Structures are given as structure tokens and as C-alpha cells.
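Asks: For reference, the file entry13.cif (mmCIF, C-alpha atoms and all ligand atoms) is included below:
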```cif
data_data
#
loop_
_atom_site.label_atom_id
_atom_site.label_comp_id
_atom_site.auth_asym_id
_atom_site.auth_seq_id
_atom_site.Cartn_x
_atom_site.Cartn_y
_atom_site.Cartn_z
CA MET Z 1 112.96 -70.00 -111.23
CA LYS Z 2 111.87 -71.19 -107.79
CA GLU Z 3 115.29 -72.69 -107.17
CA GLU Z 4 116.94 -69.37 -107.96
CA LEU Z 5 114.69 -67.57 -105.50
CA VAL Z 6 115.40 -70.18 -102.88
CA LYS Z 7 119.14 -69.81 -103.47
CA LYS Z 8 118.97 -66.01 -103.16
CA ALA Z 9 116.93 -66.17 -99.98
CA TYR Z 10 119.30 -68.80 -98.61
CA GLU Z 11 122.35 -66.62 -99.26
CA VAL Z 12 120.71 -63.77 -97.34
CA ALA Z 13 119.76 -66.12 -94.50
CA LYS Z 14 123.27 -67.53 -94.45
CA SER Z 15 124.72 -64.03 -93.92
CA ARG Z 16 122.16 -63.10 -91.30
CA TYR Z 17 122.98 -66.25 -89.32
CA ALA Z 18 126.73 -65.82 -89.86
CA GLU Z 19 126.43 -62.42 -88.22
CA MET Z 20 125.32 -64.20 -85.07
CA GLY Z 21 128.03 -66.81 -85.32
CA VAL Z 22 125.81 -69.58 -86.74
CA ASP Z 23 127.16 -71.57 -89.68
CA THR Z 24 124.17 -72.63 -91.79
CA GLU Z 25 126.24 -75.04 -93.88
CA ALA Z 26 127.22 -76.93 -90.75
CA VAL Z 27 123.58 -76.91 -89.64
CA LEU Z 28 122.44 -78.30 -93.00
CA LYS Z 29 124.89 -81.18 -92.55
CA GLN Z 30 123.47 -81.84 -89.10
CA LEU Z 31 119.92 -81.77 -90.45
CA GLN Z 32 120.92 -84.32 -93.11
CA GLU Z 33 121.98 -86.64 -90.28
CA PHE Z 34 118.68 -86.18 -88.47
CA HIS Z 35 116.66 -89.31 -89.23
CA LEU Z 36 113.04 -89.65 -88.28
CA SER Z 37 111.45 -93.04 -87.79
CA LEU Z 38 108.22 -92.91 -89.78
CA HIS Z 39 105.46 -94.86 -88.05
CA CYS Z 40 103.74 -97.25 -90.46
CA TRP Z 41 100.38 -96.86 -88.75
CA GLN Z 42 99.30 -93.45 -90.08
CA ALA Z 43 98.82 -95.11 -93.49
CA ASP Z 44 95.89 -97.31 -92.39
CA ASP Z 45 94.65 -95.91 -89.07
CA VAL Z 46 96.45 -98.60 -87.00
CA HIS Z 47 94.63 -101.58 -88.55
CA GLY Z 48 97.54 -103.78 -89.53
CA PHE Z 49 97.35 -106.96 -91.61
CA GLU Z 50 96.26 -109.68 -89.22
CA VAL Z 51 93.84 -112.04 -90.93
CA ARG Z 52 91.51 -111.97 -87.95
CA ALA Z 53 91.98 -108.30 -87.16
CA GLY Z 54 89.44 -107.09 -84.61
CA ALA Z 55 88.18 -103.70 -83.58
CA MET Z 56 90.63 -101.21 -82.17
CA SER Z 57 91.12 -101.51 -78.43
CA GLY Z 58 93.74 -100.78 -75.81
CA GLY Z 59 92.83 -97.20 -75.01
CA ILE Z 60 93.77 -95.72 -78.38
CA GLN Z 61 91.53 -94.51 -81.17
CA SER Z 62 91.88 -93.18 -84.68
CA THR Z 63 88.99 -90.96 -85.69
CA GLY Z 64 87.86 -90.11 -89.21
CA ASP Z 65 87.24 -92.11 -92.37
CA PHE Z 66 89.03 -90.16 -95.07
CA PRO Z 67 89.01 -92.30 -98.24
CA GLY Z 68 92.12 -93.98 -99.57
CA ALA Z 69 93.60 -95.72 -96.52
CA ALA Z 70 96.06 -98.48 -97.38
CA ARG Z 71 94.21 -101.80 -97.41
CA ASN Z 72 97.11 -104.20 -97.67
CA ILE Z 73 100.85 -104.45 -97.43
CA ASP Z 74 101.53 -103.39 -101.03
CA GLU Z 75 99.41 -100.28 -100.72
CA LEU Z 76 101.00 -99.37 -97.43
CA ARG Z 77 104.49 -99.76 -98.89
CA MET Z 78 103.57 -97.58 -101.87
CA ASP Z 79 102.16 -94.89 -99.61
CA ILE Z 80 105.24 -94.88 -97.39
CA LEU Z 81 107.50 -94.53 -100.43
CA LYS Z 82 105.35 -91.71 -101.77
CA ALA Z 83 105.51 -89.88 -98.44
CA LYS Z 84 109.27 -90.44 -98.21
CA SER Z 85 109.70 -88.97 -101.68
CA LEU Z 86 108.21 -85.71 -100.37
CA ILE Z 87 110.23 -85.49 -97.16
CA PRO Z 88 113.83 -84.28 -97.45
CA GLY Z 89 116.54 -86.52 -95.97
CA SER Z 90 116.61 -90.25 -95.27
CA HIS Z 91 114.31 -91.79 -92.72
CA ARG Z 92 113.64 -95.08 -90.96
CA LEU Z 93 110.37 -97.01 -90.88
CA ASN Z 94 108.78 -98.10 -87.61
CA LEU Z 95 106.65 -101.27 -87.86
CA HIS Z 96 104.15 -102.71 -85.40
CA GLU Z 97 103.94 -106.48 -85.06
CA ILE Z 98 100.40 -106.46 -86.51
CA TYR Z 99 101.88 -105.24 -89.83
CA GLY Z 100 103.56 -108.57 -90.56
CA ASP Z 101 103.30 -110.21 -93.97
CA PHE Z 102 101.00 -113.00 -92.78
CA LYS Z 103 100.15 -114.19 -96.32
CA GLY Z 104 96.56 -115.10 -95.47
CA LYS Z 105 97.50 -117.21 -92.46
CA VAL Z 106 96.08 -116.74 -88.98
CA VAL Z 107 99.18 -116.18 -86.88
CA ASP Z 108 98.38 -115.43 -83.27
CA ARG Z 109 100.52 -112.93 -81.42
CA ASP Z 110 102.25 -115.65 -79.41
CA GLU Z 111 103.18 -117.51 -82.59
CA VAL Z 112 104.80 -114.77 -84.62
CA THR Z 113 108.31 -115.29 -85.98
CA VAL Z 114 110.72 -113.41 -88.19
CA GLU Z 115 109.54 -115.29 -91.29
CA TYR Z 116 106.50 -112.97 -91.34
CA PHE Z 117 108.82 -110.00 -91.55
CA GLN Z 118 111.25 -111.33 -94.14
CA SER Z 119 109.51 -109.48 -96.96
CA TRP Z 120 109.75 -106.27 -94.92
CA ILE Z 121 113.46 -106.85 -94.38
CA ASP Z 122 113.93 -107.35 -98.13
CA TRP Z 123 111.78 -104.33 -98.98
CA ALA Z 124 113.70 -102.17 -96.53
CA LYS Z 125 116.99 -103.22 -98.07
CA GLU Z 126 115.79 -102.49 -101.60
CA ASN Z 127 114.57 -99.09 -100.50
CA GLN Z 128 117.56 -98.14 -98.32
CA THR Z 129 115.40 -97.91 -95.23
CA LEU Z 130 116.28 -99.00 -91.70
CA LEU Z 131 113.55 -100.66 -89.65
CA ASP Z 132 112.34 -100.17 -86.10
CA PHE Z 133 109.76 -102.33 -84.37
CA ASN Z 134 106.96 -102.50 -81.76
CA SER Z 135 105.19 -105.28 -79.92
CA SER Z 136 101.37 -104.93 -80.21
CA SER Z 137 99.21 -105.49 -77.14
CA PHE Z 138 96.07 -103.77 -78.40
CA SER Z 139 93.17 -104.78 -80.70
CA HIS Z 140 93.24 -108.48 -79.78
CA PRO Z 141 90.69 -110.70 -77.97
CA LYS Z 142 93.18 -111.07 -75.10
CA SER Z 143 93.94 -107.34 -74.84
CA GLY Z 144 91.33 -106.59 -72.18
CA SER Z 145 92.44 -103.90 -69.80
CA LEU Z 146 95.52 -105.79 -68.56
CA SER Z 147 98.16 -107.59 -70.61
CA LEU Z 148 101.67 -107.84 -69.13
CA ALA Z 149 100.25 -106.84 -65.74
CA ASN Z 150 97.39 -109.33 -65.78
CA PRO Z 151 96.95 -111.40 -62.59
CA ASP Z 152 95.57 -114.16 -64.85
CA GLU Z 153 98.76 -116.13 -65.39
CA GLY Z 154 97.63 -117.52 -68.77
CA ILE Z 155 96.98 -114.10 -70.25
CA ARG Z 156 100.12 -112.61 -68.77
CA ARG Z 157 102.21 -115.45 -70.22
CA PHE Z 158 100.58 -115.00 -73.64
CA TRP Z 159 101.77 -111.38 -73.77
CA ILE Z 160 105.19 -112.21 -72.34
CA GLU Z 161 105.61 -114.77 -75.13
CA HIS Z 162 104.47 -112.22 -77.73
CA THR Z 163 106.90 -109.59 -76.51
CA LYS Z 164 109.84 -112.00 -76.32
CA ARG Z 165 109.17 -113.05 -79.92
CA CYS Z 166 109.02 -109.42 -80.96
CA ARG Z 167 112.47 -108.88 -79.48
CA ASP Z 168 113.77 -111.83 -81.54
CA ILE Z 169 112.25 -110.28 -84.67
CA ALA Z 170 113.71 -106.86 -83.89
CA ASN Z 171 117.11 -108.41 -83.34
CA ALA Z 172 116.91 -110.24 -86.67
CA MET Z 173 115.99 -106.97 -88.39
CA GLY Z 174 118.94 -105.29 -86.72
CA GLU Z 175 121.27 -108.05 -87.88
CA ALA Z 176 119.97 -107.91 -91.43
CA GLN Z 177 120.38 -104.15 -91.68
CA GLY Z 178 123.65 -103.92 -89.75
CA ASP Z 179 122.17 -101.27 -87.49
CA PRO Z 180 120.33 -101.86 -84.23
CA CYS Z 181 116.55 -101.99 -84.58
CA ILE Z 182 114.84 -99.92 -81.89
CA MET Z 183 111.93 -101.82 -80.37
CA ASN Z 184 109.36 -99.89 -78.43
CA LEU Z 185 107.29 -101.54 -75.76
CA TRP Z 186 104.02 -99.87 -74.90
CA VAL Z 187 101.16 -101.71 -73.23
CA HIS Z 188 97.83 -100.14 -72.45
CA ASP Z 189 97.35 -101.77 -69.02
CA GLY Z 190 95.18 -99.78 -66.67
CA CYS Z 191 91.85 -99.41 -64.90
CA LYS Z 192 88.71 -97.62 -65.88
CA ASP Z 193 87.68 -96.98 -62.30
CA VAL Z 194 88.98 -97.02 -58.74
CA SER Z 195 91.12 -99.99 -57.84
CA VAL Z 196 92.95 -101.12 -54.73
CA ASN Z 197 95.49 -103.19 -56.64
CA HIS Z 198 97.83 -100.60 -58.14
CA ALA Z 199 100.86 -102.12 -56.42
CA LEU Z 200 99.93 -105.63 -57.52
CA TYR Z 201 99.64 -104.60 -61.18
CA ARG Z 202 102.88 -102.64 -61.13
CA ASN Z 203 104.75 -105.52 -59.52
CA LEU Z 204 103.39 -107.87 -62.17
CA LEU Z 205 104.43 -105.52 -64.96
CA LYS Z 206 107.91 -105.30 -63.47
CA GLN Z 207 108.15 -109.10 -63.25
CA SER Z 208 107.01 -109.47 -66.86
CA LEU Z 209 109.54 -106.90 -68.07
CA ASP Z 210 112.36 -108.54 -66.11
CA GLU Z 211 111.59 -111.84 -67.82
CA ILE Z 212 111.15 -110.28 -71.27
CA PHE Z 213 114.49 -108.47 -71.07
CA GLU Z 214 116.44 -111.50 -69.77
CA LYS Z 215 117.67 -112.53 -73.20
CA GLU Z 216 120.64 -110.58 -74.58
CA GLN Z 217 119.78 -109.20 -78.02
CA PRO Z 218 122.84 -107.41 -79.39
CA MET Z 219 121.27 -105.97 -82.55
CA MET Z 220 118.19 -104.39 -81.07
CA LYS Z 221 117.58 -101.77 -78.40
CA ASP Z 222 114.64 -101.77 -76.02
CA CYS Z 223 112.65 -98.70 -75.21
CA ILE Z 224 109.69 -98.43 -72.85
CA GLU Z 225 106.81 -95.99 -73.16
CA GLY Z 226 104.51 -94.78 -70.40
CA LYS Z 227 101.42 -92.65 -70.65
CA VAL Z 228 98.97 -90.73 -68.56
CA PHE Z 229 95.74 -92.57 -69.44
CA GLY Z 230 93.93 -94.47 -72.19
CA ILE Z 231 90.32 -94.30 -73.35
CA GLY Z 232 88.27 -96.60 -71.13
CA LEU Z 233 91.24 -96.80 -68.77
CA GLU Z 234 90.97 -93.32 -67.37
CA SER Z 235 91.57 -93.90 -63.66
CA PHE Z 236 94.92 -95.65 -63.55
CA THR Z 237 97.80 -96.54 -65.86
CA VAL Z 238 100.12 -99.33 -64.76
CA GLY Z 239 103.00 -98.19 -66.98
CA SER Z 240 103.02 -94.54 -65.98
CA HIS Z 241 105.83 -92.11 -66.75
CA ASP Z 242 107.30 -92.56 -63.26
CA PHE Z 243 107.16 -96.34 -63.50
CA TYR Z 244 109.10 -96.48 -66.76
CA THR Z 245 111.48 -93.68 -65.85
CA ALA Z 246 112.52 -95.61 -62.75
CA TYR Z 247 112.71 -98.88 -64.70
CA ALA Z 248 114.77 -97.36 -67.52
CA ALA Z 249 117.18 -95.68 -65.11
CA LYS Z 250 117.67 -98.79 -63.03
CA TYR Z 251 117.90 -101.37 -65.83
CA ASP Z 252 119.51 -99.27 -68.51
CA LYS Z 253 116.66 -99.11 -71.03
CA ILE Z 254 115.80 -96.36 -73.47
CA LEU Z 255 112.96 -94.18 -72.18
CA THR Z 256 110.28 -93.22 -74.70
CA ILE Z 257 108.76 -89.77 -74.42
CA ASP Z 258 105.49 -89.59 -76.34
CA THR Z 259 104.49 -85.94 -76.52
CA GLY Z 260 100.81 -86.90 -76.19
CA HIS Z 261 101.25 -88.74 -72.92
CA TYR Z 262 101.40 -85.99 -70.32
CA HIS Z 263 99.06 -83.65 -68.54
CA PRO Z 264 97.83 -80.80 -70.76
CA THR Z 265 100.06 -78.14 -69.18
CA GLU Z 266 103.09 -80.39 -68.73
CA MET Z 267 105.90 -79.73 -71.24
CA PRO Z 268 107.36 -83.02 -72.52
CA GLY Z 269 110.52 -81.16 -73.56
CA ASP Z 270 111.28 -80.52 -69.91
CA LYS Z 271 111.69 -84.28 -69.37
CA VAL Z 272 114.78 -84.33 -71.58
CA SER Z 273 117.30 -82.67 -69.26
CA ALA Z 274 115.59 -84.20 -66.23
CA VAL Z 275 116.15 -87.81 -67.27
CA LEU Z 276 119.31 -87.65 -69.39
CA PRO Z 277 121.62 -87.78 -66.36
CA PHE Z 278 120.07 -91.19 -65.59
CA VAL Z 279 119.30 -92.89 -68.92
CA LYS Z 280 121.68 -93.29 -71.82
CA GLU Z 281 119.19 -92.72 -74.61
CA LEU Z 282 115.71 -91.45 -75.31
CA MET Z 283 113.13 -92.42 -77.89
CA LEU Z 284 110.58 -89.85 -78.99
CA HIS Z 285 107.04 -90.36 -80.17
CA VAL Z 286 106.36 -86.97 -81.65
CA SER Z 287 102.62 -86.41 -81.80
CA ARG Z 288 100.11 -83.69 -80.98
CA PRO Z 289 97.53 -84.11 -78.26
CA VAL Z 290 94.43 -81.96 -78.54
CA ARG Z 291 92.68 -82.10 -75.16
CA TRP Z 292 93.65 -85.77 -74.82
CA ASP Z 293 96.17 -88.12 -76.46
CA SER Z 294 94.30 -87.59 -79.72
CA ASP Z 295 97.36 -88.23 -81.92
CA HIS Z 296 96.78 -85.30 -84.27
CA VAL Z 297 99.44 -84.65 -86.90
CA THR Z 298 102.57 -82.97 -85.56
CA ILE Z 299 102.86 -79.27 -86.30
CA MET Z 300 105.27 -76.55 -85.22
CA ASP Z 301 103.52 -75.85 -81.96
CA ASP Z 302 105.22 -74.67 -78.78
CA PRO Z 303 105.57 -78.08 -77.09
CA THR Z 304 107.19 -79.59 -80.20
CA GLN Z 305 109.54 -76.67 -80.70
CA ASP Z 306 110.46 -76.72 -77.03
CA LEU Z 307 111.21 -80.45 -77.19
CA PHE Z 308 113.74 -80.00 -80.00
CA PHE Z 309 115.30 -76.95 -78.37
CA GLU Z 310 115.78 -78.95 -75.19
CA ILE Z 311 117.50 -81.81 -77.04
CA VAL Z 312 119.92 -79.50 -78.85
CA ARG Z 313 120.53 -77.35 -75.78
CA ALA Z 314 121.31 -80.49 -73.77
CA ASP Z 315 123.80 -81.47 -76.48
CA ALA Z 316 121.98 -84.78 -76.77
CA LEU Z 317 121.44 -85.12 -80.52
CA ASP Z 318 123.11 -88.52 -80.68
CA ARG Z 319 121.32 -89.86 -77.61
CA VAL Z 320 117.82 -89.49 -79.01
CA HIS Z 321 115.83 -91.58 -81.51
CA TYR Z 322 113.16 -89.65 -83.32
CA GLY Z 323 109.95 -91.62 -83.79
CA LEU Z 324 106.67 -90.11 -84.93
CA ASP Z 325 103.31 -91.24 -83.56
CA PHE Z 326 100.16 -89.69 -84.94
CA PHE Z 327 97.21 -91.32 -86.70
CA ASP Z 328 94.63 -88.96 -88.01
CA GLY Z 329 92.07 -90.77 -90.18
CA SER Z 330 90.19 -87.62 -91.11
CA ILE Z 331 92.64 -86.13 -93.63
CA ASN Z 332 94.78 -87.36 -96.50
CA ARG Z 333 97.23 -89.75 -94.88
CA ILE Z 334 100.21 -89.09 -97.16
CA GLY Z 335 99.68 -85.40 -96.43
CA ALA Z 336 99.70 -86.29 -92.72
CA TYR Z 337 103.11 -87.98 -93.03
CA VAL Z 338 104.60 -85.13 -95.04
CA ILE Z 339 103.30 -82.34 -92.79
CA GLY Z 340 104.19 -84.14 -89.55
CA SER Z 341 107.69 -85.08 -90.71
CA ARG Z 342 108.50 -81.71 -92.19
CA SER Z 343 107.24 -79.94 -89.08
CA ALA Z 344 109.43 -82.07 -86.84
CA GLN Z 345 112.40 -81.32 -89.11
CA LYS Z 346 111.67 -77.60 -89.04
CA CYS Z 347 111.57 -77.63 -85.25
CA MET Z 348 114.92 -79.41 -85.26
CA LEU Z 349 116.31 -76.92 -87.76
CA ARG Z 350 115.25 -73.95 -85.68
CA ALA Z 351 116.85 -75.52 -82.64
CA LEU Z 352 120.10 -76.11 -84.55
CA LEU Z 353 120.12 -72.52 -85.80
CA GLU Z 354 119.90 -71.01 -82.33
CA PRO Z 355 123.07 -69.07 -81.33
CA ARG Z 356 123.15 -71.14 -78.19
CA GLU Z 357 126.65 -70.30 -76.99
CA ALA Z 358 126.15 -66.57 -77.30
CA ILE Z 359 122.82 -66.73 -75.46
CA SER Z 360 124.25 -69.00 -72.79
CA LYS Z 361 127.12 -66.59 -72.10
CA LEU Z 362 124.67 -63.74 -71.63
CA GLU Z 363 122.52 -65.84 -69.34
CA LEU Z 364 125.47 -66.84 -67.17
CA ALA Z 365 126.54 -63.20 -67.01
CA GLY Z 366 123.10 -62.29 -65.65
CA GLU Z 367 122.09 -60.32 -68.75
CA GLY Z 368 118.46 -61.34 -68.55
CA TYR Z 369 116.87 -58.93 -70.99
CA LYS Z 370 119.47 -59.67 -73.66
CA VAL Z 371 118.72 -63.36 -73.42
CA LEU Z 372 115.05 -62.68 -73.92
CA ALA Z 373 115.82 -60.28 -76.78
CA LEU Z 374 117.91 -62.83 -78.67
CA ILE Z 375 115.44 -65.64 -78.12
CA GLU Z 376 112.61 -63.44 -79.39
CA GLU Z 377 114.64 -62.35 -82.42
CA GLN Z 378 115.25 -66.00 -83.35
CA LYS Z 379 111.57 -66.49 -83.99
CA ALA Z 380 111.64 -64.12 -86.95
CA MET Z 381 115.03 -65.11 -88.36
CA PRO Z 382 114.91 -66.55 -91.92
CA TRP Z 383 115.14 -70.22 -90.88
CA GLN Z 384 112.51 -71.00 -93.51
CA ALA Z 385 114.97 -70.00 -96.27
CA VAL Z 386 117.40 -72.55 -94.85
CA TYR Z 387 114.71 -75.23 -94.87
CA ASP Z 388 113.77 -74.46 -98.47
CA GLU Z 389 117.41 -74.80 -99.45
CA PHE Z 390 117.50 -78.14 -97.62
CA CYS Z 391 114.53 -79.28 -99.75
CA VAL Z 392 116.21 -78.16 -102.98
CA ARG Z 393 119.43 -79.96 -102.08
CA ASN Z 394 117.43 -83.10 -101.34
CA ASN Z 395 115.40 -82.90 -104.55
CA VAL Z 396 112.02 -82.68 -102.93
CA PRO Z 397 109.31 -80.07 -103.52
CA VAL Z 398 109.87 -76.71 -101.87
CA GLY Z 399 107.20 -75.23 -99.60
CA ALA Z 400 103.63 -76.27 -100.32
CA ASP Z 401 104.55 -77.65 -103.76
CA PHE Z 402 104.14 -81.15 -102.35
CA ILE Z 403 100.37 -80.59 -102.42
CA LYS Z 404 100.32 -80.94 -106.21
CA GLU Z 405 102.14 -84.24 -105.99
CA ILE Z 406 99.77 -85.57 -103.35
CA ASP Z 407 96.78 -84.49 -105.47
CA GLN Z 408 98.28 -86.40 -108.39
CA TYR Z 409 98.79 -89.47 -106.20
CA VAL Z 410 95.16 -89.25 -105.05
CA ALA Z 411 94.01 -89.06 -108.65
CA ASP Z 412 96.23 -91.92 -109.84
CA VAL Z 413 96.22 -94.21 -106.82
CA THR Z 414 94.29 -93.69 -103.61
CA SER Z 415 90.99 -92.55 -105.17
CA LYS Z 416 90.81 -95.99 -106.80
CA ARG Z 417 90.71 -97.71 -103.42
CA ASN Z 418 87.27 -98.06 -101.86
C1 LIG Z 501 99.69 -95.29 -77.45
C2 LIG Z 501 101.14 -95.15 -77.70
C3 LIG Z 501 101.72 -96.07 -78.73
C4 LIG Z 501 100.83 -96.20 -79.95
C5 LIG Z 501 101.46 -96.89 -81.12
C6 LIG Z 501 100.46 -97.41 -82.07
O1 LIG Z 501 99.19 -94.35 -76.62
O2 LIG Z 501 101.42 -93.84 -78.04
O3 LIG Z 501 102.99 -95.67 -79.04
O4 LIG Z 501 100.40 -94.96 -80.41
O5 LIG Z 501 102.35 -97.83 -80.67
ZN ZN Z 502 103.44 -93.46 -78.64
#
```
Translate this structure into C-alpha cells?
Replies:
Amino acid sequence: MKEELVKKAYEVAKSRYAEMGVDTEAVLKQLQEFHLSLHCWQADDVHGFEVRAGAMSGGIQSTGDFPGAARNIDELRMDILKAKSLIPGSHRLNLHEIYGDFKGKVVDRDEVTVEYFQSWIDWAKENQTLLDFNSSSFSHPKSGSLSLANPDEGIRRFWIEHTKRCRDIANAMGEAQGDPCIMNLWVHDGCKDVSVNHALYRNLLKQSLDEIFEKEQPMMKDCIEGKVFGIGLESFTVGSHDFYTAYAAKYDKILTIDTGHYHPTEMPGDKVSAVLPFVKELMLHVSRPVRWDSDHVTIMDDPTQDLFFEIVRADALDRVHYGLDFFDGSINRIGAYVIGSRSAQKCMLRALLEPREAISKLELAGEGYKVLALIEEQKAMPWQAVYDEFCVRNNVPVGADFIKEIDQYVADVTSKRN
């Protein structure tokens, strides 16, 4: 019944879009090739599986204590598979180093090796999932407020060693899966209050990065992520957007744009066309800041929609990697994955459905009001019917039907965790 309705609505939508020169079948193929990288850390509020895991630090915070968080690696894997089963399309998984399979052993961050990720590599293969990776500088006794930029040579070397090892692990993952593993490097380094040593810290960070990136790693790709500030580090961030933009452009690294890492009125989407002439690829951390980098679940808000429009309009689909980065501990976490992923997909779909060439011609001909008219009309076009059809074709629940399945999963699984 539902499928018939979806089909009917889709046929109407298809004709409406065809009228404007947009081929919805071609767009559905493009959407199928749009792979998100699901961040493992929404499942357990960024705890990870270190045996001596400490309190969260490094300027980030997950708020809320909704019951049912994954407590161990098996639960986290189950939850990820459940979420994936409710998101149309095929998607990657993005792991942080602290999510290794440490099997009860205390493995410090400067001791980690690929053996602690072998079970992830096997799991990923079994579940047709490609892996991405992150070094982890936060929530550790040596995190402090400075890691790779620390003037204390011992601490700085500890984090250099950690990050080098993470690159080895990412490369091994890439080799095992026959597809480069994207490794993101974000460190929280900054100052809570005024400081006269900004240049010193930035030079140290640059030196650390130069050393970390020395080794050629053919099956992984490096990306570097800046931010505006962290909690407790409000006055200065060593790895700011400008710092990493310059570094990525000069040394040919992927630049990560986390949508929560800019000033409240700054549009992250506007970075896309500004940096693409200078960097080959971009990595996204799609999130939702509310007043600060609060990492709320992604929704179809204006900044997110604008970001995807800018990527498609810049013809840069194959130069961007699409990571998610939110960690709300106050709501059902599977629901968080499904809503955030589907919303990102819907923003991409709407961007793909835009009659870009027609609008561009009008713009170049100076037909200002017609441009505005067409852009406004797009907002009410039946893109939702195309998304529903995408769900049907991918055998996942249409519309809010996923709620029932999550309720069932809560009843059967997560409500039994305490
Ligand atoms: C922090 C960065 C970073 C983290 C994750 C856990 O502000 O956004 O990407 O959220 O790596
Ligand atoms: Zn991020």
C-alpha cells in the first residue's frame, strides 16, 4: 500500500522535475553513490574502549544520559548495524583510536598497533563496510591543553608517536579494504586565557605535523581539522581554520570542514568554493552547533543545505568525503544516527535536484528576479517523493516508519543495558 503511494508520488515528482530538465533517475543513481562516513562515537557519547578510560577532556563535551548507550565493542557494532539498516544506501564507518579492541589490556596511546584493530577490519569486511580513522588526543592524562603543540618535549613526542602509529593503522585498514582509509587529525590545543606564545605554539604544531606526515602511506589519506574554540580553551586555538587551510594548501592535505567549528554567523558552505582552487579534496564533519560547537544531531537547517548546494554547484562531488560528527547523549542514539544521516542525504538530494544549469544561465544573463523565483520554487518541489522512492529501492523504512523499528530495538536490546 505505502509502496504504491510512494511510487505514484514519485512518478508525479519525476514529471515535475523533468519539466525543468532534471532527470530524477540520474539523480537517484548519484545519491546511491553518495557515501557517508558514520562516526562511531554517537553510539557511546565518545567514551571508547580504553581499559583506563578517563573523563572527557580536550574541549569537547557530550551532554545527556539517555539510557542504552553502547557499553562495549559488541554493543557498539550491533547499534551501528541497526542504524545502517535504517539508512538507505551504503556507508562507511569512522573509528577513533580509543575504539580499539584492547581485549582488557592497558594499551597507552603511544603503544597502539594495528593488532588492536584487526577485529574491526574483519568485522568491516563481513559487513561490507569501509573504514575511516582518527587519532585521539583528548580524554587522556597527557591531554592537558596542549598536545602536538606542547613546549614540553616529552609530551609533544608522546602525541607525535601516537599520531604516527595511527597513520600506520589507517594505512593497514586501507590496504585490507582495497580503498584508502581517510584519517582525520584534530587536536584540541589551545589556551583558556590570554597568552603571548601563539606563534610558538603554532610553530610547534607545524613541526609536529611535518614530522608526522614524513612517512609515505599509500593506502590512507590525511585530513586536518581546525576549529574556533574548545570548552576551557576559549581564548586561543592553535589549529585554527586559517592555520590548517594554509597547511593543507601548501602540503597537499585534505582540509576538514566541521560545520560546528565556525563563528555563529559564518556559513561553512561558503568555504567550499573558497578553498577548492587550492586543496584537492575536502573532508566534512557534518554536525549542528547550537550557540557553540554543541554537536547536536544534523538536521535540514540552512547551513547544512547550503553546504551541500555549494558542493554540487562547485561540481565537487568526487572531491569531498562526507563524515558526520555529532554526539547527543540526551536522545536515543540509534535515532540520532538515522535522523542525522537521512537529513544529510536529503540535503544532498535537494542539491542534486536543483536545475543548476538553467538557473546559472539566467544569472549570467542578468535575470536576477528569475533566479530568485526558481530558487524559491525549488524549496516546495516534491523532492521528498524522490527520497521516499530512494528508501523503497533500498529496502529501508519510508518516512517516519523507522521509529517503530527503533522502538522495537529499544524493547529487545538497549533497554536491557543499564
Ligand atoms: C572536535 C572535533 C572532532 C571530534 C571527534 C570526536 O571539536 O569536531 O572531530 O568531534 O573527532
Ligand atoms: Zn569534527
Asks: From the list Z:Asp258, Z:Asp222, Z:Asp401, Z:Glu126, which residue is nearest Z:Lys280 when using all atoms listed in the file?
Replies: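 Among Z:Asp258, Z:Asp222, Z:Asp401, Z:Glu126, it is Z:Asp222 that comes nearest to Z:Lys280.
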Asks: When you count all atoms listed in the file, which of these residues is closest to ligand ZN 502 (chain Z): Z:Arg356, Z:His241, Z:Lys346, Z:His261?
Replies: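 For ligand ZN 502 (chain Z), the nearest of the candidates is Z:His261.
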Asks: Could you give me, as a PyMOL selection string, every polymer residue with an atom at most 10 Å away from an atom of ligand LIG 501 (chain Z), counting all atoms listed in the file?
Replies: chain Z and resi 39-42+45-47+58-62+94-97+133-138+184-188+224-231+256-261+284-287+293-295+323-327
Asks: Need the shell around Z:Met300: protein/DNA/RNA residues with any atom at most 12 Å away, counting all atoms listed in the file. Skip same-chain ones fewer than 5 positions apart. Format as an MDAnalysis selection string?
Replies: chainID Z and resid 286:288 305:308 339:351 379
Asks: Taking into account all atoms listed in the file, which residue in the set Z:Ala83, Z:Val386, Z:Leu353, Z:Met283 is nearest to ligand ZN 502 (chain Z)?
Replies: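 Once distances to ligand ZN 502 (chain Z) are computed over all atoms listed in the file, the minimum belongs to Z:Met283.
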Asks: Looking at Z:Cys223, Z:Ile169, Z:Val194, Z:Ile212, which one is nearest to ligand ZN 502 (chain Z), with distances taken over all atoms listed in the file?
Replies: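 For ligand ZN 502 (chain Z), the nearest of the candidates is Z:Cys223.
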Asks: Given the point (87.3, -96.7, -63.2) in the file's coordinates, find the residues that have an atom at most 9 Å from it, counting all atoms listed in the file, and give them as a VMD selection string.
Replies: chain Z and resid 191 to 195 232 to 236
Asks: Hey, can you spit out that residue selection with C-alpha atoms as a PDB file, in the frame of the given file?
Replies:
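The resulting again02.pdb:
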```pdb
ATOM      1  CA  CYS Z 191      91.850 -99.410 -64.900  1.00  0.00           C
ATOM      2  CA  LYS Z 192      88.710 -97.620 -65.880  1.00  0.00           C
ATOM      3  CA  ASP Z 193      87.680 -96.980 -62.300  1.00  0.00           C
ATOM      4  CA  VAL Z 194      88.980 -97.020 -58.740  1.00  0.00           C
ATOM      5  CA  SER Z 195      91.120 -99.990 -57.840  1.00  0.00           C
ATOM      6  CA  GLY Z 232      88.270 -96.600 -71.130  1.00  0.00           C
ATOM      7  CA  LEU Z 233      91.240 -96.800 -68.770  1.00  0.00           C
ATOM      8  CA  GLU Z 234      90.970 -93.320 -67.370  1.00  0.00           C
ATOM      9  CA  SER Z 235      91.570 -93.900 -63.660  1.00  0.00           C
ATOM     10  CA  PHE Z 236      94.920 -95.650 -63.550  1.00  0.00           C
TER      11      PHE Z 236
END
```
Asks: Pick out the closest residue to ligand ZN 502 (chain Z) from this set: Z:Ile331, Z:Ala149, Z:Leu255, Z:Ile359. Count all atoms listed in the file.
Replies: Z:Leu255
Asks: Kindly indicate which residue among Z:Ala358, Z:Ala373, Z:Ser143, Z:Ala69 lies nearest to Z:Glu19, using all atoms listed in the file for the distances.
Replies: Z:Ala358
Asks: Skip stretch 394-400 of chain Z itself and residues of its chain fewer than 3 positions away, then list as a list in words all residues within 7 Å of it, counting only C-alpha atoms.
Replies: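 Final neighbour list, sorted by chain and number: Ser85, Leu86, Ile87, Pro88, Gly89, Asp388, Phe390, Cys391 and Ile403 of chain Z.
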Asks: Report the distance between atom ZN of ligand ZN 502 (chain Z) and atom CA of Z:Gly144 in Å, rounded to one decimal place.
Replies: 19.0 Å
Asks: To one decimal in Å, tell me the separation between atom CA of Z:Met219 and atom CA of Z:Gly174.
Replies: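 Computing the Euclidean distance for atom CA of Z:Met219 and atom CA of Z:Gly174 yields 4.8 Å.
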Asks: Between atom CA of Z:Val279 and atom CA of Z:Ala249, measure the distance and give it in Å to one decimal.
Replies: 5.2 Å
Asks: Give me the residues within 10 Å of Z:Val106 as a list in words, counting all atoms listed in the file and dropping any in the same chain fewer than 6 places off.
Replies: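 Returned residues: Glu50, Val51, Arg52, Ala53 and Val112 of chain Z.
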